[in-house]
>>> print(open('model-v2.cif').read())   # mmCIF, C-alpha atoms
data_upload
#
loop_
_atom_site.group_PDB
_atom_site.id
_atom_site.type_symbol
_atom_site.label_atom_id
_atom_site.label_comp_id
_atom_site.auth_asym_id
_atom_site.auth_seq_id
_atom_site.Cartn_x
_atom_site.Cartn_y
_atom_site.Cartn_z
ATOM 1 C CA MET A 1 8.261 -30.068 71.423
ATOM 2 C CA THR A 2 9.712 -27.149 69.483
ATOM 3 C CA LYS A 3 12.451 -28.157 67.049
ATOM 4 C CA LYS A 4 15.267 -26.053 65.629
ATOM 5 C CA ILE A 5 15.302 -26.753 61.907
ATOM 6 C CA LEU A 6 17.545 -25.863 58.967
ATOM 7 C CA ILE A 7 16.084 -26.373 55.490
ATOM 8 C CA THR A 8 17.737 -25.893 52.106
ATOM 9 C CA GLY A 9 15.943 -24.756 48.971
ATOM 10 C CA ALA A 10 13.517 -22.570 50.918
ATOM 11 C CA SER A 11 12.883 -19.993 48.193
ATOM 12 C CA GLY A 12 9.887 -21.739 46.635
ATOM 13 C CA GLY A 13 7.951 -24.946 46.032
ATOM 14 C CA PHE A 14 7.886 -27.436 48.888
ATOM 15 C CA GLY A 15 10.643 -25.518 50.680
ATOM 16 C CA LYS A 16 8.811 -22.262 51.240
ATOM 17 C CA LEU A 17 5.565 -24.022 52.155
ATOM 18 C CA THR A 18 7.389 -26.268 54.595
ATOM 19 C CA VAL A 19 9.089 -23.310 56.287
ATOM 20 C CA LEU A 20 5.760 -21.542 56.807
ATOM 21 C CA THR A 21 3.994 -24.715 57.974
ATOM 22 C CA LEU A 22 6.742 -25.602 60.437
ATOM 23 C CA MET A 23 6.581 -22.133 61.982
ATOM 24 C CA GLN A 24 2.790 -22.301 62.165
ATOM 25 C CA ASN A 25 3.298 -25.442 64.249
ATOM 26 C CA GLY A 26 5.621 -23.671 66.666
ATOM 27 C CA HIS A 27 9.039 -24.667 65.316
ATOM 28 C CA GLN A 28 12.067 -22.416 64.807
ATOM 29 C CA VAL A 29 13.319 -22.448 61.229
ATOM 30 C CA ALA A 30 16.442 -21.297 59.432
ATOM 31 C CA ALA A 31 15.370 -20.994 55.795
ATOM 32 C CA SER A 32 18.373 -21.193 53.498
ATOM 33 C CA MET A 33 18.589 -20.207 49.845
ATOM 34 C CA ARG A 34 20.861 -18.545 47.325
ATOM 35 C CA ASP A 35 20.998 -14.847 46.509
ATOM 36 C CA ILE A 36 18.902 -13.487 49.391
ATOM 37 C CA ASP A 37 19.827 -9.941 48.435
ATOM 38 C CA GLY A 38 19.173 -10.474 44.736
ATOM 39 C CA LYS A 39 16.628 -12.603 42.891
ATOM 40 C CA ASN A 40 15.310 -14.135 46.133
ATOM 41 C CA LYS A 41 15.143 -10.824 48.023
ATOM 42 C CA THR A 42 11.345 -10.730 48.029
ATOM 43 C CA VAL A 43 10.792 -14.273 49.294
ATOM 44 C CA ALA A 44 13.589 -13.806 51.839
ATOM 45 C CA ALA A 45 11.811 -10.737 53.222
ATOM 46 C CA GLU A 46 8.494 -12.600 53.278
ATOM 47 C CA LEU A 47 9.951 -15.463 55.298
ATOM 48 C CA ARG A 48 11.716 -13.095 57.685
ATOM 49 C CA ASN A 49 8.457 -11.250 58.265
ATOM 50 C CA ALA A 50 6.803 -14.600 59.011
ATOM 51 C CA GLY A 51 9.423 -15.319 61.677
ATOM 52 C CA ALA A 52 12.067 -17.368 59.900
ATOM 53 C CA ILE A 53 15.807 -16.851 60.093
ATOM 54 C CA VAL A 54 16.957 -16.451 56.483
ATOM 55 C CA VAL A 55 20.415 -17.774 55.641
ATOM 56 C CA GLU A 56 22.446 -17.316 52.468
ATOM 57 C CA LEU A 57 23.495 -20.806 51.366
ATOM 58 C CA ASP A 58 24.423 -22.370 48.027
ATOM 59 C CA VAL A 59 24.574 -26.167 48.310
ATOM 60 C CA THR A 60 26.982 -26.339 45.352
ATOM 61 C CA ASN A 61 29.644 -24.312 47.157
ATOM 62 C CA ASP A 62 31.693 -25.760 50.024
ATOM 63 C CA SER A 63 32.441 -22.486 51.783
ATOM 64 C CA SER A 64 28.854 -21.264 51.382
ATOM 65 C CA VAL A 65 27.585 -24.469 52.991
ATOM 66 C CA ARG A 66 30.120 -24.223 55.799
ATOM 67 C CA ASN A 67 29.280 -20.595 56.545
ATOM 68 C CA GLY A 68 25.540 -21.106 56.124
ATOM 69 C CA VAL A 69 25.376 -24.040 58.530
ATOM 70 C CA LYS A 70 27.512 -22.211 61.074
ATOM 71 C CA THR A 71 25.258 -19.153 60.830
ATOM 72 C CA ALA A 72 22.075 -21.219 61.142
ATOM 73 C CA ILE A 73 23.287 -23.032 64.265
ATOM 74 C CA ALA A 74 24.377 -19.754 65.844
ATOM 75 C CA GLU A 75 21.118 -17.936 65.014
ATOM 76 C CA LEU A 76 18.960 -20.855 66.158
ATOM 77 C CA ASN A 77 21.181 -21.451 69.194
ATOM 78 C CA GLY A 78 21.362 -25.105 68.250
ATOM 79 C CA LEU A 79 20.024 -27.533 65.646
ATOM 80 C CA ASP A 80 17.711 -30.540 65.831
ATOM 81 C CA VAL A 81 16.708 -31.175 62.208
ATOM 82 C CA LEU A 82 18.283 -30.770 58.781
ATOM 83 C CA ILE A 83 15.947 -30.926 55.771
ATOM 84 C CA ASN A 84 17.867 -31.491 52.530
ATOM 85 C CA ASN A 85 15.299 -30.003 50.180
ATOM 86 C CA ALA A 86 17.260 -28.075 47.521
ATOM 87 C CA GLY A 87 16.876 -29.727 44.132
ATOM 88 C CA VAL A 88 16.513 -29.305 40.391
ATOM 89 C CA GLY A 89 14.411 -31.307 37.924
ATOM 90 C CA VAL A 90 14.891 -32.096 34.242
ATOM 91 C CA LEU A 91 12.914 -32.874 31.124
ATOM 92 C CA GLY A 92 14.193 -34.342 27.890
ATOM 93 C CA MET A 93 15.704 -37.334 26.126
ATOM 94 C CA GLN A 94 18.449 -38.701 28.326
ATOM 95 C CA GLU A 95 20.900 -38.964 25.428
ATOM 96 C CA PHE A 96 20.687 -35.219 24.835
ATOM 97 C CA PHE A 97 21.986 -34.391 28.318
ATOM 98 C CA THR A 98 25.743 -33.847 28.297
ATOM 99 C CA THR A 99 28.087 -34.962 31.031
ATOM 100 C CA SER A 100 28.130 -31.342 32.200
ATOM 101 C CA ASP A 101 24.325 -31.388 32.406
ATOM 102 C CA PHE A 102 24.501 -34.488 34.581
ATOM 103 C CA GLN A 103 27.158 -32.874 36.763
ATOM 104 C CA LYS A 104 24.976 -29.801 37.275
ATOM 105 C CA VAL A 105 22.035 -31.906 38.420
ATOM 106 C CA PHE A 106 24.112 -34.145 40.671
ATOM 107 C CA ASP A 107 25.960 -31.165 42.138
ATOM 108 C CA ILE A 108 22.670 -29.917 43.563
ATOM 109 C CA ASN A 109 20.641 -33.086 44.146
ATOM 110 C CA VAL A 110 23.400 -35.376 45.460
ATOM 111 C CA PHE A 111 26.698 -33.616 46.133
ATOM 112 C CA GLY A 112 24.829 -30.715 47.726
ATOM 113 C CA VAL A 113 23.278 -33.135 50.211
ATOM 114 C CA GLN A 114 26.680 -34.619 50.985
ATOM 115 C CA ARG A 115 28.089 -31.149 51.600
ATOM 116 C CA MET A 116 25.253 -30.350 54.002
ATOM 117 C CA ASN A 117 25.525 -33.646 55.857
ATOM 118 C CA ARG A 118 29.271 -33.348 56.313
ATOM 119 C CA GLU A 119 28.769 -30.004 58.048
ATOM 120 C CA VAL A 120 25.800 -31.041 60.186
ATOM 121 C CA VAL A 121 26.564 -34.650 61.143
ATOM 122 C CA PRO A 122 29.527 -33.826 63.440
ATOM 123 C CA TYR A 123 27.243 -31.500 65.418
ATOM 124 C CA PHE A 124 24.528 -34.163 65.680
ATOM 125 C CA ARG A 125 27.038 -36.882 66.502
ATOM 126 C CA LYS A 126 28.499 -34.840 69.330
ATOM 127 C CA LYS A 127 25.106 -34.457 70.984
ATOM 128 C CA GLN A 128 24.043 -38.045 70.079
ATOM 129 C CA ASP A 129 20.810 -36.774 68.586
ATOM 130 C CA GLY A 130 19.407 -35.253 65.411
ATOM 131 C CA LEU A 131 17.220 -35.859 62.375
ATOM 132 C CA ILE A 132 18.153 -35.597 58.695
ATOM 133 C CA VAL A 133 15.278 -35.532 56.195
ATOM 134 C CA TYR A 134 15.749 -35.906 52.450
ATOM 135 C CA THR A 135 13.349 -34.625 49.787
ATOM 136 C CA SER A 136 13.419 -37.406 47.231
ATOM 137 C CA SER A 137 10.651 -38.303 44.777
ATOM 138 C CA LEU A 138 8.502 -41.189 43.650
ATOM 139 C CA LEU A 139 10.821 -41.006 40.635
ATOM 140 C CA GLY A 140 13.602 -41.962 43.010
ATOM 141 C CA ARG A 141 11.987 -45.409 43.164
ATOM 142 C CA ILE A 142 10.924 -46.094 39.561
ATOM 143 C CA ALA A 143 12.008 -45.037 36.066
ATOM 144 C CA LEU A 144 9.740 -43.090 33.726
ATOM 145 C CA PRO A 145 10.896 -41.752 30.344
ATOM 146 C CA PHE A 146 12.154 -38.202 29.830
ATOM 147 C CA TYR A 147 13.209 -37.604 33.439
ATOM 148 C CA GLY A 148 16.272 -39.866 33.400
ATOM 149 C CA THR A 149 18.923 -37.448 34.639
ATOM 150 C CA TYR A 150 16.715 -36.367 37.532
ATOM 151 C CA GLN A 151 15.796 -39.958 38.369
ATOM 152 C CA SER A 152 19.456 -40.978 38.352
ATOM 153 C CA SER A 153 20.194 -38.297 40.932
ATOM 154 C CA LYS A 154 17.244 -39.257 43.123
ATOM 155 C CA TRP A 155 18.124 -42.949 42.999
ATOM 156 C CA ALA A 156 21.602 -41.920 44.139
ATOM 157 C CA LEU A 157 20.076 -39.780 46.885
ATOM 158 C CA GLU A 158 18.050 -42.750 48.122
ATOM 159 C CA ALA A 159 21.231 -44.835 48.390
ATOM 160 C CA LEU A 160 23.014 -41.980 50.147
ATOM 161 C CA ALA A 161 20.213 -41.794 52.714
ATOM 162 C CA GLU A 162 20.149 -45.587 53.143
ATOM 163 C CA ASN A 163 23.819 -45.602 54.083
ATOM 164 C CA TYR A 164 23.568 -42.655 56.442
ATOM 165 C CA ARG A 165 20.632 -44.392 58.104
ATOM 166 C CA VAL A 166 22.678 -47.442 59.085
ATOM 167 C CA GLU A 167 26.014 -45.722 59.673
ATOM 168 C CA LEU A 168 24.572 -43.048 61.981
ATOM 169 C CA SER A 169 21.871 -44.982 63.860
ATOM 170 C CA GLY A 170 24.310 -45.928 66.630
ATOM 171 C CA PHE A 171 24.965 -42.226 67.270
ATOM 172 C CA GLY A 172 21.287 -41.476 67.833
ATOM 173 C CA ILE A 173 20.885 -39.749 64.451
ATOM 174 C CA GLU A 174 17.729 -40.496 62.463
ATOM 175 C CA ASN A 175 17.576 -40.379 58.667
ATOM 176 C CA CYS A 176 14.241 -40.277 56.808
ATOM 177 C CA ILE A 177 13.080 -39.761 53.224
ATOM 178 C CA ILE A 178 10.004 -37.929 51.937
ATOM 179 C CA GLU A 179 8.934 -39.108 48.447
ATOM 180 C CA PRO A 180 6.451 -36.713 46.830
ATOM 181 C CA GLY A 181 4.793 -37.257 43.484
ATOM 182 C CA GLY A 182 4.378 -34.456 40.955
ATOM 183 C CA TYR A 183 2.742 -31.269 42.221
ATOM 184 C CA PRO A 184 1.836 -27.884 40.705
ATOM 185 C CA THR A 185 4.783 -25.874 42.031
ATOM 186 C CA ALA A 186 7.429 -23.643 40.487
ATOM 187 C CA PHE A 187 9.692 -26.723 40.448
ATOM 188 C CA SER A 188 8.094 -27.907 37.195
ATOM 189 C CA GLU A 189 8.495 -24.441 35.685
ATOM 190 C CA ASN A 190 12.268 -24.507 36.169
ATOM 191 C CA LEU A 191 13.139 -27.892 34.696
ATOM 192 C CA LEU A 192 16.617 -28.175 33.224
ATOM 193 C CA LYS A 193 16.514 -29.036 29.523
ATOM 194 C CA PRO A 194 19.312 -30.891 27.683
ATOM 195 C CA SER A 195 22.020 -28.641 26.269
ATOM 196 C CA ASP A 196 22.892 -30.785 23.225
ATOM 197 C CA LEU A 197 20.057 -31.012 20.695
ATOM 198 C CA SER A 198 22.306 -31.985 17.778
ATOM 199 C CA ARG A 199 20.865 -35.519 17.789
ATOM 200 C CA GLU A 200 17.236 -34.445 17.931
ATOM 201 C CA ALA A 201 16.610 -35.078 14.223
ATOM 202 C CA ASP A 202 17.600 -38.718 14.677
ATOM 203 C CA TYR A 203 14.606 -39.186 16.995
ATOM 204 C CA GLY A 204 12.097 -37.776 14.509
ATOM 205 C CA ASP A 205 8.676 -36.934 15.928
ATOM 206 C CA PHE A 206 9.520 -38.874 19.076
ATOM 207 C CA ALA A 207 11.740 -35.945 20.102
ATOM 208 C CA LYS A 208 8.581 -33.880 20.651
ATOM 209 C CA VAL A 209 7.067 -36.349 23.090
ATOM 210 C CA PRO A 210 8.722 -35.095 26.326
ATOM 211 C CA GLU A 211 7.086 -31.652 26.063
ATOM 212 C CA ALA A 212 3.749 -33.261 25.198
ATOM 213 C CA VAL A 213 4.008 -35.553 28.222
ATOM 214 C CA LEU A 214 4.751 -32.591 30.496
ATOM 215 C CA HIS A 215 1.795 -30.668 29.064
ATOM 216 C CA ASN A 216 -0.530 -33.630 29.636
ATOM 217 C CA PHE A 217 0.745 -34.091 33.176
ATOM 218 C CA ASP A 218 0.150 -30.411 33.917
ATOM 219 C CA ASN A 219 -3.457 -30.950 32.845
ATOM 220 C CA VAL A 220 -3.728 -33.971 35.128
ATOM 221 C CA LEU A 221 -2.565 -31.830 38.050
ATOM 222 C CA LYS A 222 -5.032 -29.051 37.211
ATOM 223 C CA ASN A 223 -7.869 -31.590 37.225
ATOM 224 C CA ASN A 224 -6.818 -33.154 40.534
ATOM 225 C CA PRO A 225 -7.022 -30.483 43.254
ATOM 226 C CA GLN A 226 -6.267 -33.124 45.893
ATOM 227 C CA GLN A 227 -2.666 -32.997 44.616
ATOM 228 C CA ASP A 228 -2.039 -29.997 46.850
ATOM 229 C CA PRO A 229 1.603 -29.061 47.661
ATOM 230 C CA GLN A 230 0.484 -28.158 51.169
ATOM 231 C CA LYS A 231 0.081 -31.873 51.849
ATOM 232 C CA VAL A 232 3.800 -32.355 51.272
ATOM 233 C CA ALA A 233 4.608 -29.600 53.752
ATOM 234 C CA ASP A 234 2.212 -31.229 56.216
ATOM 235 C CA ALA A 235 4.003 -34.558 55.728
ATOM 236 C CA PHE A 236 7.307 -32.964 56.759
ATOM 237 C CA VAL A 237 5.716 -31.607 59.932
ATOM 238 C CA THR A 238 4.055 -34.924 60.775
ATOM 239 C CA LEU A 239 7.340 -36.794 60.294
ATOM 240 C CA ILE A 240 9.413 -34.354 62.334
ATOM 241 C CA GLU A 241 6.949 -34.395 65.221
ATOM 242 C CA LYS A 242 6.886 -38.199 65.553
ATOM 243 C CA PRO A 243 8.814 -39.510 68.571
ATOM 244 C CA LYS A 244 12.405 -40.570 68.089
ATOM 245 C CA GLY A 245 12.581 -44.140 66.855
ATOM 246 C CA ASP A 246 8.976 -44.169 65.604
ATOM 247 C CA LYS A 247 9.564 -42.396 62.294
ATOM 248 C CA PRO A 248 9.165 -44.383 59.063
ATOM 249 C CA PHE A 249 12.295 -44.383 56.941
ATOM 250 C CA ARG A 250 10.305 -43.582 53.791
ATOM 251 C CA THR A 251 7.087 -41.559 53.459
ATOM 252 C CA THR A 252 5.242 -41.310 50.130
ATOM 253 C CA VAL A 253 3.045 -38.269 49.448
ATOM 254 C CA ASP A 254 0.900 -38.566 46.328
ATOM 255 C CA PHE A 255 -2.825 -38.582 45.601
ATOM 256 C CA ILE A 256 -3.108 -39.469 41.916
ATOM 257 C CA GLY A 257 -2.430 -43.195 41.974
ATOM 258 C CA MET A 258 1.306 -43.819 42.355
ATOM 259 C CA ALA A 259 1.781 -43.770 46.122
ATOM 260 C CA ASP A 260 0.067 -47.092 46.883
ATOM 261 C CA HIS A 261 2.317 -48.962 44.460
ATOM 262 C CA ILE A 262 5.504 -47.298 45.701
ATOM 263 C CA GLN A 263 4.481 -47.814 49.332
ATOM 264 C CA LYS A 264 4.180 -51.563 48.729
ATOM 265 C CA TYR A 265 7.580 -51.486 47.037
ATOM 266 C CA ASN A 266 9.070 -49.660 50.024
ATOM 267 C CA GLU A 267 7.520 -52.054 52.529
ATOM 268 C CA HIS A 268 8.862 -55.044 50.605
ATOM 269 C CA LEU A 269 12.341 -53.529 50.471
ATOM 270 C CA GLU A 270 12.227 -52.892 54.228
ATOM 271 C CA GLN A 271 11.433 -56.577 54.756
ATOM 272 C CA ILE A 272 14.382 -57.523 52.567
ATOM 273 C CA MET A 273 16.689 -55.143 54.430
ATOM 274 C CA THR A 274 15.549 -56.487 57.795
ATOM 275 C CA GLY A 275 16.121 -60.065 56.624
ATOM 276 C CA LEU A 276 19.582 -59.368 55.238
ATOM 277 C CA TYR A 277 20.742 -57.390 58.246
ATOM 278 C CA THR A 278 19.363 -60.065 60.569
ATOM 279 C CA ASN A 279 21.309 -62.740 58.669
ATOM 280 C CA PHE A 280 24.481 -60.697 59.154
ATOM 281 C CA GLY A 281 23.667 -60.070 62.809
ATOM 282 C CA THR A 282 23.557 -56.305 62.231
ATOM 283 C CA GLN A 283 19.805 -55.671 62.415
ATOM 284 C CA GLY A 284 20.401 -53.182 65.203
ATOM 285 C CA MET A 285 21.851 -50.762 62.643
ATOM 286 C CA LEU A 286 18.361 -50.304 61.180
ATOM 287 C CA SER A 287 17.036 -48.822 64.434
ATOM 288 C CA VAL A 288 18.204 -45.516 65.841
ATOM 289 C CA LYS A 289 19.767 -45.470 69.286
ATOM 290 C CA LYS A 290 17.375 -43.700 71.666
#
>>> encode(input="model-v2.cif", output="structure tokens")
Amino acid sequence: MTKKILITGASGGFGKLTVLTLMQNGHQVAASMRDIDGKNKTVAAELRNAGAIVVELDVTNDSSVRNGVKTAIAELNGLDVLINNAGVGVLGMQEFFTTSDFQKVFDINVFGVQRMNREVVPYFRKKQDGLIVYTSSLLGRIALPFYGTYQSSKWALEALAENYRVELSGFGIENCIIEPGGYPTAFSENLLKPSDLSREADYGDFAKVPEAVLHNFDNVLKNNPQQDPQKVADAFVTLIEKPKGDKPFRTTVDFIGMADHIQKYNEHLEQIMTGLYTNFGTQGMLSVKK
């Protein structure tokens, strides 16, 4: 069945690929991004030519979100799915990131999602149906050095999604998370670096390790062609096309060794959640109303 889908962060990386893949599978897509008449003019034109509705939307701005969502629903003549995909990554010693750096990351990765949900959920709630998908990360489940600010935001995103899952299930609204590993996309080329390097000397040679780690990881990706970003886009399509009530809450997408471990972690957590909610007599909140 054709779905009407709004996705944020559609200008590159997983977003652009997902837009194109969804349309290839017969879905209608509103591809949102910032600056469609400026720096993203070329990609906006490309997506329009491919059949997408392109919407100006900045997830860090309340009025832009409000207007963008309204435009998307009007242009699509409805809405079935929201994909919260806009995000920014980081690299560097966590101590070097200022409070303002943290705020910038959270404003996109967490607060931006909340802005989107607050505009879309009333529409979904009114029709007692809808799907919200969150682009998280395997780093939203574990902690690895030098990505701390990003991981903090993704751990927060996971909690945000967990709560929407249980609070909206009775209204027929599904919430699901996609957890990709690292992939060779423009995302890694635009990592936010810490703005305060005044303490770098105190770390000695260790301060050089984050860049070395990123360089080594880039080499790992180059030597593992199975880590293809298209597989993440395919995972979005597969999830969206599953029948209502049959979608997994979390989906890992990684082919270089991390996914199996995180999948076991996720399955164990789901067992814990089911047990706790059963003890409280609220297990029904874990299943969406059909």
>>> resolve_selection(input="model-v2.cif", expression="the PyMOL selection byres ((chain A and resi 179) around 10)", output="list in words")
Tyr134, Thr135, Ser136, Ser137, Leu138, Leu139, Gly140, Arg141, Lys154, Glu158, Cys176, Ile177, Ile178, Pro180, Gly181, Gly182, Val232, Ala235, Arg250, Thr251, Thr252, Val253, Asp254, Ala259, Ile262 and Gln263 of chain A
>>> atom_distance(input="model-v2.cif", atom1="CA of Phe236 in chain A", atom2="CA of Ser11 in chain A")
16.5 Å
>>> residues_around(input="model-v2.cif", residues="Val19 in chain A", least_positions_apart="6", cutoff="12 Å", atoms="all atoms listed in the file", output="ChimeraX atom specification")
/A:4-13,25-33,43-44,46-48,50-54,83,85,230,232-234,236-237
>>> closest_residue(input="model-v2.cif", among="A:Asp107, A:Asp129, A:Glu167, A:Asp228", to="Val59 in chain A", atoms="only C-alpha atoms")
A:Asp107
>>> resolve_selection(input="model-v2.cif", expression="the PyMOL selection byres ((chain A and resi 112) around 9)", output="PDB file with C-alpha atoms, in the frame of the given file")
ATOM      1  CA  ASP A  58      24.423 -22.370  48.027  1.00  0.00           C
ATOM      2  CA  VAL A  59      24.574 -26.167  48.310  1.00  0.00           C
ATOM      3  CA  THR A  60      26.982 -26.339  45.352  1.00  0.00           C
ATOM      4  CA  ASN A  61      29.644 -24.312  47.157  1.00  0.00           C
ATOM      5  CA  ASP A  62      31.693 -25.760  50.024  1.00  0.00           C
ATOM      6  CA  VAL A  65      27.585 -24.469  52.991  1.00  0.00           C
ATOM      7  CA  ASN A  84      17.867 -31.491  52.530  1.00  0.00           C
ATOM      8  CA  ALA A  86      17.260 -28.075  47.521  1.00  0.00           C
ATOM      9  CA  GLY A  87      16.876 -29.727  44.132  1.00  0.00           C
ATOM     10  CA  PHE A 106      24.112 -34.145  40.671  1.00  0.00           C
ATOM     11  CA  ASP A 107      25.960 -31.165  42.138  1.00  0.00           C
ATOM     12  CA  ILE A 108      22.670 -29.917  43.563  1.00  0.00           C
ATOM     13  CA  ASN A 109      20.641 -33.086  44.146  1.00  0.00           C
ATOM     14  CA  VAL A 110      23.400 -35.376  45.460  1.00  0.00           C
ATOM     15  CA  PHE A 111      26.698 -33.616  46.133  1.00  0.00           C
ATOM     16  CA  VAL A 113      23.278 -33.135  50.211  1.00  0.00           C
ATOM     17  CA  GLN A 114      26.680 -34.619  50.985  1.00  0.00           C
ATOM     18  CA  ARG A 115      28.089 -31.149  51.600  1.00  0.00           C
ATOM     19  CA  MET A 116      25.253 -30.350  54.002  1.00  0.00           C
ATOM     20  CA  ASN A 117      25.525 -33.646  55.857  1.00  0.00           C
TER      21      ASN A 117
END
>>> closest_residue(input="model-v2.cif", among="A:Val81, A:Val166, A:Ala72, A:Met1", to="Tyr277 in chain A", atoms="only C-alpha atoms")
A:Val166
>>> closest_residue(input="model-v2.cif", among="A:Glu174, A:Asp37, A:Asp101, A:Asp80", to="Ser195 in chain A", atoms="only C-alpha atoms")
A:Asp101
>>> atom_distance(input="model-v2.cif", atom1="CA of Ser63 in chain A", atom2="CA of Tyr150 in chain A")
25.4 Å
>>> atom_distance(input="model-v2.cif", atom1="CA of Glu56 in chain A", atom2="CA of Arg34 in chain A")
5.5 Å
>>> resolve_selection(input="model-v2.cif", expression="the PyMOL selection byres ((chain A and resi 123) around 12)", output="list in words")
Val69, Lys70, Ile73, Gly78, Leu79, Asp80, Val81, Leu82, Met116, Asn117, Arg118, Glu119, Val120, Val121, Pro122, Phe124, Arg125, Lys126, Lys127, Gln128, Asp129, Gly130, Leu131, Phe171, Gly172 and Ile173 of chain A
>>> axis_aligned_box(input="model-v2.cif", around="range 223-233 of chain A", padding_each_side="6 Å", output="AutoDock Vina command-line options")
--center_x -1.6 --center_y -30.7 --center_z 45.5 --size_x 24.5 --size_y 17.0 --size_z 28.5
>>> residues_around(input="model-v2.cif", residues="Val209 in chain A", least_positions_apart="4", cutoff="10 Å", atoms="all atoms listed in the file", output="ChimeraX atom specification")
/A:92-93,145-146,205,213-215
>>> write_last_selection(input="model-v2.cif", atoms="C-alpha atoms", output="CSV table (one decimal), in the frame of the given file")
chain,number,residue,atom,x,y,z
A,92,GLY,CA,14.2,-34.3,27.9
A,93,MET,CA,15.7,-37.3,26.1
A,145,PRO,CA,10.9,-41.8,30.3
A,146,PHE,CA,12.2,-38.2,29.8
A,205,ASP,CA,8.7,-36.9,15.9
A,213,VAL,CA,4.0,-35.6,28.2
A,214,LEU,CA,4.8,-32.6,30.5
A,215,HIS,CA,1.8,-30.7,29.1
